[in-house]
file model_2.cif (mmCIF, C-alpha atoms)
data_structure
#
loop_
_atom_site.label_atom_id
_atom_site.label_comp_id
_atom_site.auth_asym_id
_atom_site.auth_seq_id
_atom_site.Cartn_x
_atom_site.Cartn_y
_atom_site.Cartn_z
CA MET A 1 -13.09 -8.75 -13.11
CA ARG A 2 -9.88 -7.85 -14.97
CA ARG A 3 -10.72 -4.18 -14.96
CA ALA A 4 -11.51 -4.35 -11.25
CA LEU A 5 -8.14 -5.90 -10.40
CA ALA A 6 -6.28 -3.36 -12.53
CA SER A 7 -8.15 -0.56 -10.78
CA TRP A 8 -7.15 -1.97 -7.39
CA CYS A 9 -3.52 -1.97 -8.58
CA LEU A 10 -3.81 1.74 -9.27
CA LEU A 11 -5.51 2.46 -5.95
CA ALA A 12 -3.27 0.30 -3.74
CA PRO A 13 -0.94 3.10 -2.54
CA LEU A 14 -3.91 5.35 -1.65
CA LEU A 15 -5.69 2.57 0.20
CA ALA A 16 -2.57 1.82 2.21
CA VAL A 17 -2.34 5.44 3.33
CA ALA A 18 -6.04 5.64 4.16
CA GLN A 19 -5.88 2.28 5.97
CA VAL A 20 -8.89 1.05 3.99
CA GLN A 21 -9.50 -2.69 3.91
CA VAL A 22 -7.96 -3.95 0.66
CA PRO A 23 -9.40 -6.87 -1.30
CA ALA A 24 -7.90 -10.33 -0.95
CA GLN A 25 -6.19 -10.05 -4.34
CA MET A 26 -4.13 -7.08 -3.10
CA GLN A 27 -3.18 -8.36 0.34
CA GLY A 28 0.57 -8.83 0.60
CA VAL A 29 1.25 -6.56 -2.37
CA ASP A 30 3.77 -3.92 -1.34
CA VAL A 31 7.13 -2.29 -1.98
CA ILE A 32 9.68 -2.51 0.83
CA GLU A 33 12.50 -0.11 0.10
CA GLN A 34 15.99 -1.54 0.42
CA LEU A 35 18.07 1.48 -0.53
CA GLY A 36 21.77 0.83 -0.76
CA ASP A 37 21.40 -2.93 -1.19
CA ARG A 38 22.92 -4.60 -4.22
CA VAL A 39 20.72 -6.45 -6.67
CA PRO A 40 21.84 -9.90 -7.86
CA GLU A 41 23.72 -9.58 -11.14
CA GLY A 42 24.28 -13.19 -12.15
CA GLY A 43 20.79 -14.52 -12.90
CA GLN A 44 20.22 -15.31 -16.57
CA LEU A 45 17.67 -13.17 -18.38
CA ILE A 46 16.64 -13.39 -22.02
CA ASP A 47 16.11 -10.21 -24.03
CA SER A 48 13.60 -9.45 -26.78
CA GLU A 49 16.00 -10.79 -29.40
CA GLY A 50 16.23 -14.16 -27.64
CA THR A 51 19.77 -13.43 -26.42
CA PRO A 52 20.70 -14.50 -22.87
CA PHE A 53 22.29 -11.79 -20.71
CA HIS A 54 22.90 -10.83 -17.09
CA LEU A 55 22.44 -7.54 -15.25
CA ARG A 56 26.21 -7.37 -14.81
CA ASP A 57 26.44 -6.93 -18.59
CA LEU A 58 24.87 -3.48 -18.19
CA LEU A 59 26.38 -2.50 -14.84
CA HIS A 60 29.91 -1.34 -14.00
CA GLN A 61 30.14 0.81 -17.12
CA GLY A 62 29.81 4.25 -15.56
CA ARG A 63 26.08 4.61 -16.13
CA PRO A 64 23.04 4.03 -13.87
CA VAL A 65 20.40 1.49 -14.85
CA VAL A 66 16.67 2.24 -14.78
CA PHE A 67 14.97 -1.02 -13.82
CA THR A 68 11.28 -1.99 -13.95
CA LEU A 69 9.30 -5.11 -13.07
CA VAL A 70 6.08 -5.46 -15.08
CA TYR A 71 4.43 -8.05 -17.31
CA TYR A 72 3.65 -7.63 -20.97
CA ARG A 73 0.11 -9.09 -20.98
CA CYS A 74 -1.00 -6.71 -18.24
CA PRO A 75 -4.30 -5.20 -19.43
CA GLN A 76 -3.81 -1.78 -17.89
CA LEU A 77 -1.29 -0.86 -15.19
CA CYS A 78 1.97 -2.09 -16.74
CA SER A 79 1.44 -0.40 -20.09
CA LEU A 80 0.61 2.82 -18.22
CA VAL A 81 3.78 2.47 -16.11
CA LEU A 82 5.98 1.91 -19.17
CA SER A 83 4.32 4.70 -21.15
CA GLY A 84 4.74 7.10 -18.23
CA LEU A 85 8.35 6.02 -17.77
CA THR A 86 9.04 6.55 -21.46
CA ARG A 87 7.60 10.08 -21.35
CA SER A 88 9.54 10.90 -18.21
CA LEU A 89 12.83 9.73 -19.71
CA ARG A 90 12.14 11.49 -23.00
CA ASP A 91 11.28 14.80 -21.33
CA SER A 92 14.11 14.63 -18.79
CA GLY A 93 16.74 15.56 -21.36
CA LEU A 94 18.71 12.42 -20.54
CA GLN A 95 19.91 10.27 -23.40
CA LEU A 96 19.58 6.49 -23.43
CA GLY A 97 22.98 4.86 -23.78
CA ARG A 98 24.90 8.03 -22.95
CA ASP A 99 23.43 8.88 -19.53
CA TYR A 100 21.73 5.66 -18.50
CA ARG A 101 20.73 2.17 -19.59
CA ALA A 102 17.49 0.36 -18.80
CA VAL A 103 16.10 -3.12 -18.15
CA THR A 104 12.43 -4.10 -18.05
CA LEU A 105 11.77 -7.62 -16.77
CA SER A 106 8.49 -9.54 -16.91
CA ILE A 107 7.32 -11.03 -13.62
CA ASP A 108 5.31 -13.62 -15.58
CA PRO A 109 7.57 -16.62 -16.33
CA SER A 110 5.16 -17.83 -19.03
CA GLU A 111 5.67 -14.78 -21.23
CA THR A 112 7.67 -15.06 -24.43
CA VAL A 113 10.40 -13.29 -26.35
CA ARG A 114 7.80 -12.20 -28.90
CA GLU A 115 5.77 -10.38 -26.25
CA ALA A 116 8.89 -8.67 -24.94
CA GLN A 117 9.78 -7.65 -28.48
CA GLU A 118 6.37 -6.13 -29.17
CA SER A 119 6.44 -4.13 -25.94
CA LYS A 120 9.97 -2.88 -26.63
CA ARG A 121 9.16 -1.77 -30.16
CA GLY A 122 6.33 0.50 -29.12
CA HIS A 123 8.01 2.11 -26.14
CA LEU A 124 11.38 2.74 -27.78
CA GLN A 125 9.66 4.31 -30.77
CA ALA A 126 7.87 6.63 -28.33
CA LEU A 127 11.24 7.42 -26.76
CA GLY A 128 12.62 8.30 -30.18
CA VAL A 129 15.17 5.50 -30.13
CA SER A 130 15.70 2.61 -32.51
CA PRO A 131 13.70 -0.47 -31.39
CA THR A 132 16.86 -2.52 -31.92
CA SER A 133 18.81 -0.56 -29.30
CA ALA A 134 20.62 -2.78 -26.81
CA ASP A 135 20.66 0.00 -24.21
CA TRP A 136 17.11 -0.81 -23.03
CA ARG A 137 16.55 -4.55 -22.63
CA PHE A 138 13.01 -5.90 -22.44
CA ALA A 139 13.47 -9.31 -20.88
CA ILE A 140 11.87 -12.52 -19.69
CA ALA A 141 13.25 -15.07 -17.23
CA GLU A 142 12.54 -18.24 -15.31
CA GLU A 143 10.66 -18.04 -12.01
CA PRO A 144 13.77 -18.35 -9.73
CA GLN A 145 15.51 -15.40 -11.42
CA ILE A 146 12.36 -13.28 -11.28
CA GLN A 147 11.78 -14.05 -7.61
CA GLU A 148 15.42 -13.31 -6.76
CA LEU A 149 15.27 -9.83 -8.30
CA ALA A 150 11.83 -9.12 -6.81
CA ARG A 151 13.05 -10.01 -3.31
CA ALA A 152 16.22 -7.94 -3.75
CA THR A 153 14.24 -4.85 -4.72
CA GLY A 154 11.49 -5.36 -2.15
CA PHE A 155 8.89 -5.72 -4.90
CA LEU A 156 6.09 -7.83 -3.42
CA TYR A 157 3.53 -8.93 -6.00
CA LYS A 158 0.83 -11.58 -6.13
CA TYR A 159 -0.71 -13.80 -8.80
CA ASP A 160 -4.50 -14.09 -8.83
CA PRO A 161 -5.55 -17.45 -10.38
CA ALA A 162 -9.16 -16.32 -10.79
CA THR A 163 -8.28 -13.48 -13.17
CA LYS A 164 -4.89 -14.88 -14.28
CA GLN A 165 -3.33 -11.54 -13.51
CA PHE A 166 -0.58 -10.21 -11.27
CA ALA A 167 -1.32 -7.61 -8.61
CA HIS A 168 1.58 -5.24 -8.04
CA ASN A 169 2.51 -1.61 -7.42
CA ALA A 170 3.73 0.99 -9.91
CA VAL A 171 7.40 1.64 -9.13
CA THR A 172 10.61 2.29 -11.02
CA PHE A 173 14.01 1.45 -9.55
CA VAL A 174 17.17 3.43 -10.29
CA LEU A 175 20.36 1.42 -9.82
CA SER A 176 23.79 2.93 -9.43
CA ASP A 177 26.65 1.73 -11.61
CA ASP A 178 27.72 -0.81 -8.97
CA GLY A 179 24.24 -2.37 -8.82
CA ARG A 180 22.99 -0.70 -5.64
CA LEU A 181 19.40 0.49 -5.24
CA SER A 182 19.80 4.25 -5.39
CA ARG A 183 16.20 5.47 -5.66
CA TYR A 184 12.58 4.25 -5.85
CA LEU A 185 10.27 6.36 -8.03
CA TYR A 186 6.56 5.69 -7.61
CA GLY A 187 3.51 6.12 -9.76
CA ILE A 188 2.51 6.08 -13.39
CA GLU A 189 3.63 9.62 -14.18
CA ILE A 190 7.10 10.42 -12.85
CA ALA A 191 8.05 14.09 -13.08
CA PRO A 192 10.89 14.47 -15.63
CA ARG A 193 12.83 16.57 -13.11
CA ASP A 194 12.60 13.77 -10.53
CA MET A 195 13.76 11.24 -13.10
CA LYS A 196 16.72 13.37 -14.11
CA LEU A 197 17.78 14.07 -10.52
CA ALA A 198 17.45 10.38 -9.59
CA VAL A 199 19.65 9.30 -12.50
CA VAL A 200 22.18 12.09 -11.85
CA GLU A 201 22.24 11.11 -8.17
CA ALA A 202 22.79 7.44 -9.03
CA GLY A 203 25.51 8.47 -11.50
CA LYS A 204 27.60 9.93 -8.65
CA GLY A 205 28.96 12.82 -10.70
CA LYS A 206 29.48 10.86 -13.91
CA VAL A 207 26.09 11.61 -15.48
CA GLY A 208 24.45 14.85 -16.56
CA THR A 209 25.77 18.36 -17.05
CA THR A 210 27.57 20.47 -14.47
CA PHE A 211 24.34 22.40 -13.99
CA ASP A 212 22.47 19.13 -13.27
CA ARG A 213 24.97 18.24 -10.57
CA VAL A 214 24.71 21.72 -9.04
CA LEU A 215 20.91 21.47 -9.20
CA LEU A 216 21.08 18.20 -7.27
CA THR A 217 22.67 20.06 -4.34
CA CYS A 218 19.60 22.32 -4.25
CA PHE A 219 17.04 19.50 -4.29
CA LYS A 220 16.72 16.56 -1.91
CA TYR A 221 14.43 13.56 -2.17
CA ASP A 222 11.53 13.75 0.28
CA PRO A 223 10.39 10.18 1.14
CA ALA A 224 7.07 11.42 2.51
CA LYS A 225 6.11 13.24 -0.69
CA ARG A 226 8.08 10.84 -2.91
CA SER A 227 9.58 13.65 -4.91
CA TYR A 228 12.64 15.89 -5.10
CA LEU A 229 11.94 19.17 -3.30
CA PRO A 230 13.98 22.36 -2.85
CA TYR A 231 16.58 21.94 -0.13
CA VAL A 232 16.29 25.07 2.04
CA LEU A 233 19.71 24.66 3.70
CA ALA A 234 21.37 24.48 0.28
CA PHE A 235 19.79 27.78 -0.75
CA ILE A 236 20.90 29.35 2.54
CA ARG A 237 24.46 28.16 1.88
CA ILE A 238 24.37 29.46 -1.67
CA GLY A 239 23.04 32.80 -0.40
CA ALA A 240 25.81 32.97 2.20
CA LEU A 241 28.43 32.26 -0.45
CA LEU A 242 26.99 34.97 -2.69
CA VAL A 243 27.07 37.47 0.18
CA PHE A 244 30.65 36.47 1.00
CA ALA A 245 31.69 36.81 -2.64
CA SER A 246 30.03 40.23 -2.85
CA LEU A 247 31.88 41.39 0.27
CA VAL A 248 35.20 40.18 -1.17
CA VAL A 249 34.55 42.07 -4.40
CA LEU A 250 33.50 45.20 -2.52
CA LEU A 251 36.55 45.11 -0.23
CA THR A 252 38.83 44.53 -3.22
CA VAL A 253 37.37 47.56 -5.04
CA LEU A 254 37.69 49.75 -1.92
CA TRP A 255 41.28 48.58 -1.35
CA ARG A 256 42.26 49.40 -4.93
CA HIS A 257 40.56 52.78 -4.70
CA ASP A 258 42.38 53.54 -1.45
CA LEU A 259 45.68 52.44 -3.00
CA LYS A 260 45.19 54.80 -5.96
CA LEU A 261 44.43 57.71 -3.59
CA ARG A 262 47.63 57.04 -1.66
CA LYS A 263 49.69 56.99 -4.85
CA ARG A 264 48.20 60.30 -5.99
CA ARG A 265 48.90 61.92 -2.61
CA GLY A 266 52.44 60.60 -2.72
CA ALA A 267 52.97 62.02 -6.20
CA THR A 268 51.74 65.53 -5.19
CA ALA A 269 53.67 65.66 -1.93
#
call {"tool": "encode", "arguments": {"input": "model_2.cif", "output": "structure tokens"}}
result
Amino acid sequence: MRRALASWCLLAPLLAVAQVQVPAQMQGVDVIEQLGDRVPEGGQLIDSEGTPFHLRDLLHQGRPVVFTLVYYRCPQLCSLVLSGLTRSLRDSGLQLGRDYRAVTLSIDPSETVREAQESKRGHLQALGVSPTSADWRFAIAEEPQIQELARATGFLYKYDPATKQFAHNAVTFVLSDDGRLSRYLYGIEIAPRDMKLAVVEAGKGKVGTTFDRVLLTCFKYDPAKRSYLPYVLAFIRIGALLVFASLVVLLTVLWRHDLKLRKRRGATA
């Protein structure tokens, strides 16, 4: 039964598109995007070291925050989501602490600091970062704080008493420095390019290299395909600028050549 529920979690987005009748355990499970809305910053969370903190402790410091809602006892989907997220961040070229910070919160209020600690250790080692890093918090919280953040992000999940598991979708939230929902990234495997562009976009010019920020002007997020795709108009503009620059150079060369000819004629006259 556990495997079946986990499989339904993986298939939920496809079933929604195909309009197939979903099982009772998955009814009401969804993600309702609320881009631009602020997430609550004041609810108390407890990290893997047993230290209380708030989201505001990571926000307003010039760096976006990559936020995930999972649960540590999840037999399949959550570990896949976190492993995929870790690979995406590692391969994006972004650096934890310098370019972004992260928070992973359990949606199961019965989970413990120890379980958060074990999950953090494995994933930060895979990221190539010290498991003691405070830049990615693996947290637990009481039910009211969990529900508040889930509602704010549009993350609709459901607890199934029969299997003692949570049904939910695979999604990663990227928050801007001021706590606004900047981007939703779906699936277990997020393309490193999409991750980088989402973080650079949320950073509003403060994150990434100059090339990354230029690249962002050439790619726009396509909600239908849930990915960053080449922005045709941007390439047309770049092409027009290149043509204009070439004409300026050509006219400058011709003007200088003509000026030299006039000077020579004046000298021989």
call {"tool": "closest_residue", "arguments": {"input": "model_2.cif", "among": "A:Arg56, A:Phe67, A:Asp177, A:Leu127", "to": "Ser92 in chain A", "atoms": "all atoms listed in the file"}}
result
A:Leu127
call {"tool": "closest_residue", "arguments": {"input": "model_2.cif", "among": "A:Leu69, A:Ile46, A:Cys78, A:Ile188", "to": "Arg114 in chain A", "atoms": "only C-alpha atoms"}}
result
A:Ile46
call {"tool": "closest_residue", "arguments": {"input": "model_2.cif", "among": "A:Val171, A:Ile107, A:Ile32, A:Ala162", "to": "Arg73 in chain A", "atoms": "only C-alpha atoms"}}
result
A:Ile107
call {"tool": "residues_around", "arguments": {"input": "model_2.cif", "residues": "Arg101 in chain A", "least_positions_apart": "4", "cutoff": "7 Å", "atoms": "only C-alpha atoms", "output": "PyMOL selection string"}}
result
chain A and resi 63-66+96-97+135-136
call {"tool": "closest_residue", "arguments": {"input": "model_2.cif", "among": "A:Gly36, A:Pro109, A:Pro75, A:Gly43", "to": "Gly179 in chain A", "atoms": "all atoms listed in the file"}}
result
A:Gly36
